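To keep things clear, I will list the structure first and then write my remarks on it.
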Amino acid sequence: SLPVELIRKLADQHPKPASLRFQYGTAGFRTLGTVLDSVMFRVGILAALRSKRLDGKTIGVMVTASHNPEADNGVKLVDPRGEMLEAAWEGHATILANAPSSDSFIDALQILVKNLKIDLSKPARIIYARDTRPSGGALVSALEDGIKAIGAEGRNAGVTTTPILHYLVRAINTKGTKDEYGEDSEEGYMKKLSTAFKKLVAGKPSSPPLIVDCANGVGAQAIAEIIQYLGDTLQLIPHNTDTTTPGVLNHASGADFVKTTQKLPPSLASVLKPGQRGCSFDGDADRLMYYYLDDRGQFHMLDGDKIAALVAAFIVELVKAAGLEEIVRVGIVQTAYANGGSTKYLASRLPVRCVPTGVKHLHHAAEKYDVGVYFEANGHGTVLFSPETDEIFRTHQPSTPAQSTALNHLLNLTQLINQTVGDALSDMLLVEVVLAHKSYSGAEWDSLYVDLPNRLVKVVVVDRNIFRTEDAERRLVSPPGLQAKIDELVRRYEAGRAFVRPSGTEDVVRVYAEAMLRPQADELAYRVAGLVY
Ligand code: 16G
Ligand code: ZN
């Protein structure tokens, strides 16, 4: 049975703020760092129950608020294969987080244990980590109290990136099996990625140096480490690596800044030279944006859609060159935010699916392909190779040296890519591999297709829950009549497209619009926003 006395004693030290309601959303729990103490304690216990339910498999807990302002923090759970928490448990998490008192929390735990038939005699194992946020240390202590209260085994992975924590979870749970994912240490991760990278670029002329904007977050630490492993195979020049000065995390820098403002971080203005490539990580290093300045110094953004196009085309070529195009099917998963230009380009070459926003939707849809490439326009994405495909790459007998080379490249890609979740570091190395193979400059990559001008605006509404969508968030079903009005507006714009959806992370409604010309995209976005308001 549950150690009720110990849980109550420690729960009393982490009381829930009376006025607040927490919700486990797309990105876990996320709000001001100062109000998350009780949530952290309870998440420690929840993670232990999830582990017990899965027969003692290790569950991950990541303390981060990604690209949000420094004062925010958050927490999300990672399932045994390194994936996002199973959707049904999001609801359990929300219930536990909102129990008003220690007693009602314990009651809620008892109900959960009974309903889910959790065998409490099973072991519970948890690995946890945090990003560089100042509130992280205290929140991890609260989490550790939860882990202690239920008698689970906890392993502290320290301050690291979200994707490294996902990697560690999978590595631990596959240790000693035929699916072994890698050594379960940060060093193991660095070794795995750098070894694959070196093999993939062997013999290719070395690329010009790449500027890396670390958003003053934990990515700076990962970049500093990978540089040690890469030697002279790739020149990285890190910027915005200050993880100690208060207030600078994600400030006017990082992948989200670049995507939402469609601008170069001001701190790179005197750094990035015309023709040179740069990229930005977000605060926990699971999103990546590329960009370059053209000869006239004009900024060009290469977002998640451009990364998907680049990577998918490369993989398709390799699959063909390996003689596997009849056996291995490559597909793409996007969301409604994917630029219309990218969808047109990709759909003429590959199967493309559109799913609702959020990594779990993309990930699950990508698993349906032999090789599933998924990227959100915001720069979060990865490539998944099915177990059967992995096996084919390992066992297929090539009939020519060219086939053998292509097959080796594919095998090395399965090692280079973090298949648990989007990973800025791994994705950056992947992009660099493709650019090296193709001898592409930023401009050549950019010219794969032309982005339609687009605008994203957020609208504060009284109640975002009245906005309900269908067709992968591309159409509104409620409030009644609104979609017809949007359709009526969109029809007046050449290549016009617009949609409205409630945010899963903020109390706002988002409006996206695109059209053939910049002023039209802006106008359409503002007029649709006017309908919503
Ligand atoms: C979270 C999601 C991201 C999504 C974004 C949408 C994960 C790891 N991250 O950051 O995939 O694009 O939320 O936010 O799932 P929104 O619902 O506020 O537009
Ligand atoms: Zn992030």
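Naming works like this for the structure tokens: A, B, ... for the chains as they're shown, residue 1 at the start of each chain, ligands 1 onward in shown order.
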
Within 12 Å of Lys114 of chain A, counting only C-alpha atoms, which residues show up once you throw out same-chain ones fewer than 5 positions away? Write them as a PDB file with C-alpha atoms, in the first residue's frame, please.
```
ATOM      1  CA  SER A   1       0.000   0.000   0.000  1.00  0.00           C
ATOM      2  CA  LEU A   2       0.987   3.672  -0.266  1.00  0.00           C
ATOM      3  CA  LEU A  49       3.240   5.435 -10.213  1.00  0.00           C
ATOM      4  CA  ARG A  53       2.499   0.645 -13.790  1.00  0.00           C
ATOM      5  CA  ASP A 107      -7.412  10.269  -1.807  1.00  0.00           C
ATOM      6  CA  ALA A 108      -6.807  11.034  -5.484  1.00  0.00           C
ATOM      7  CA  LEU A 109      -3.688   8.853  -5.414  1.00  0.00           C
ATOM      8  CA  ASP A 119       0.883  -2.928  -8.305  1.00  0.00           C
ATOM      9  CA  LEU A 120       2.570  -0.897  -5.563  1.00  0.00           C
TER      10      LEU A 120
END
```

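Taking segment 173-302 of chain A and asking which residues DSSP calls strand (DSSP E) on the backbone, you get Leu210, Ile211, Val212, Asp213, Leu236, Ile237, Pro238, His239, Arg277, Gly278, Cys279, Ser280, Phe281, Leu288, Met289, Tyr290, Tyr291, Tyr292, Leu293, Phe299, His300, Met301 and Leu302 of chain A.
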
Those residues you just picked out, can you put them in a file as a PDB file, in the first residue's frame with C-alpha atoms?
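Done, and the output landed in out_38.pdb:
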```pdb
ATOM      1  CA  LEU A 210      28.489  27.954 -38.436  1.00  0.00           C
ATOM      2  CA  ILE A 211      27.282  30.590 -35.957  1.00  0.00           C
ATOM      3  CA  VAL A 212      25.167  29.007 -33.201  1.00  0.00           C
ATOM      4  CA  ASP A 213      22.847  31.197 -31.091  1.00  0.00           C
ATOM      5  CA  LEU A 236      30.938  25.896 -34.588  1.00  0.00           C
ATOM      6  CA  ILE A 237      31.013  29.449 -33.233  1.00  0.00           C
ATOM      7  CA  PRO A 238      28.679  29.659 -30.224  1.00  0.00           C
ATOM      8  CA  HIS A 239      26.992  32.943 -29.246  1.00  0.00           C
ATOM      9  CA  ARG A 277      24.966  30.310 -42.084  1.00  0.00           C
ATOM     10  CA  GLY A 278      23.670  30.762 -38.584  1.00  0.00           C
ATOM     11  CA  CYS A 279      21.234  28.841 -36.431  1.00  0.00           C
ATOM     12  CA  SER A 280      19.336  29.362 -33.182  1.00  0.00           C
ATOM     13  CA  PHE A 281      18.435  26.875 -30.458  1.00  0.00           C
ATOM     14  CA  LEU A 288      16.260  24.743 -34.290  1.00  0.00           C
ATOM     15  CA  MET A 289      16.029  27.591 -36.800  1.00  0.00           C
ATOM     16  CA  TYR A 290      18.573  28.289 -39.532  1.00  0.00           C
ATOM     17  CA  TYR A 291      19.145  31.526 -41.463  1.00  0.00           C
ATOM     18  CA  TYR A 292      21.612  33.413 -43.602  1.00  0.00           C
ATOM     19  CA  LEU A 293      22.198  36.907 -44.930  1.00  0.00           C
ATOM     20  CA  PHE A 299      17.915  38.174 -43.670  1.00  0.00           C
ATOM     21  CA  HIS A 300      16.490  34.821 -44.842  1.00  0.00           C
ATOM     22  CA  MET A 301      14.994  32.324 -42.442  1.00  0.00           C
ATOM     23  CA  LEU A 302      15.243  28.558 -42.935  1.00  0.00           C
TER      24      LEU A 302
END
```

Please tabulate, as JSON lines, the residues of chain A that come within 6 Å of ligand 1, each with its closest pair of atoms and the distance in Å to one decimal, counting only C-alpha atoms and all ligand atoms and ordering rows by chain, then residue number upward.
```
{"residue": "A:Thr26", "atom": "CA", "partner": "ligand 1", "partner_atom_place_in_ligand_line": "15 (O)", "distance": 4.9}
{"residue": "A:Ala27", "atom": "CA", "partner": "ligand 1", "partner_atom_place_in_ligand_line": "1 (C)", "distance": 4.9}
{"residue": "A:Thr357", "atom": "CA", "partner": "ligand 1", "partner_atom_place_in_ligand_line": "12 (O)", "distance": 5.5}
{"residue": "A:Gly358", "atom": "CA", "partner": "ligand 1", "partner_atom_place_in_ligand_line": "11 (O)", "distance": 3.7}
{"residue": "A:Val359", "atom": "CA", "partner": "ligand 1", "partner_atom_place_in_ligand_line": "15 (O)", "distance": 4.1}
{"residue": "A:Ser503", "atom": "CA", "partner": "ligand 1", "partner_atom_place_in_ligand_line": "17 (O)", "distance": 3.7}
{"residue": "A:Gly504", "atom": "CA", "partner": "ligand 1", "partner_atom_place_in_ligand_line": "17 (O)", "distance": 3.4}
{"residue": "A:Thr505", "atom": "CA", "partner": "ligand 1", "partner_atom_place_in_ligand_line": "18 (O)", "distance": 3.9}
{"residue": "A:Glu506", "atom": "CA", "partner": "ligand 1", "partner_atom_place_in_ligand_line": "18 (O)", "distance": 5.3}
```

Surrounding residues as a count of residues only, ligand 2, max 7 Å, only C-alpha atoms and all ligand atoms: 8

For Arg492 of chain A, work out the shell of residues within 12 Å, counting only C-alpha atoms and skipping chain neighbours fewer than 5 positions away, then give it as a PyMOL selection string. chain A and resi 485-487+497-498+515-516+520-521+523-524+527

So that I can check the surroundings of segment 450-456 of chain A, please list as an NGL selection string every protein, DNA and RNA residue that reaches within 9 Å of it, counting only C-alpha atoms and ignoring chain neighbours fewer than 5 positions away. :A and (260 or 306 or 339-342 or 495 or 510-526)

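Using only C-alpha atoms, the contacts of Arg125 of chain A at a cut-off of 7 Å, with sequence neighbours closer than 4 positions omitted, comprise A:Ala48, A:Ser51, A:Gly56, A:Lys57, A:Thr58, A:Ile59, A:Ala152, A:Glu153, A:Gly154.
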
Atoms to include: C-alpha atoms. Write the selected residues as an mmCIF file, in the first residue's frame.
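The resulting file, out34.cif, is reproduced below:
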```
data_model
loop_
_atom_site.group_PDB
_atom_site.id
_atom_site.type_symbol
_atom_site.label_atom_id
_atom_site.label_comp_id
_atom_site.auth_asym_id
_atom_site.auth_seq_id
_atom_site.Cartn_x
_atom_site.Cartn_y
_atom_site.Cartn_z
ATOM 1 C CA ALA A 48 6.759 6.794 -9.681
ATOM 2 C CA SER A 51 6.996 3.563 -13.514
ATOM 3 C CA GLY A 56 9.638 -0.570 -13.068
ATOM 4 C CA LYS A 57 10.696 0.942 -16.399
ATOM 5 C CA THR A 58 12.466 4.263 -15.971
ATOM 6 C CA ILE A 59 10.324 7.379 -16.446
ATOM 7 C CA ALA A 152 11.125 5.525 -5.662
ATOM 8 C CA GLU A 153 14.646 5.349 -7.014
ATOM 9 C CA GLY A 154 15.719 8.710 -8.460
#
```

Residue contacts of Ala312 of chain A (10 Å, only C-alpha atoms) excluding same-chain residues fewer than 6 positions away, as a count of residues only: 13

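Distance annotation: of A:Ala138, A:Leu165, A:Val63, A:Leu411, the residue with the minimal separation from Gly82 of chain A is A:Leu165; atom set is only C-alpha atoms.
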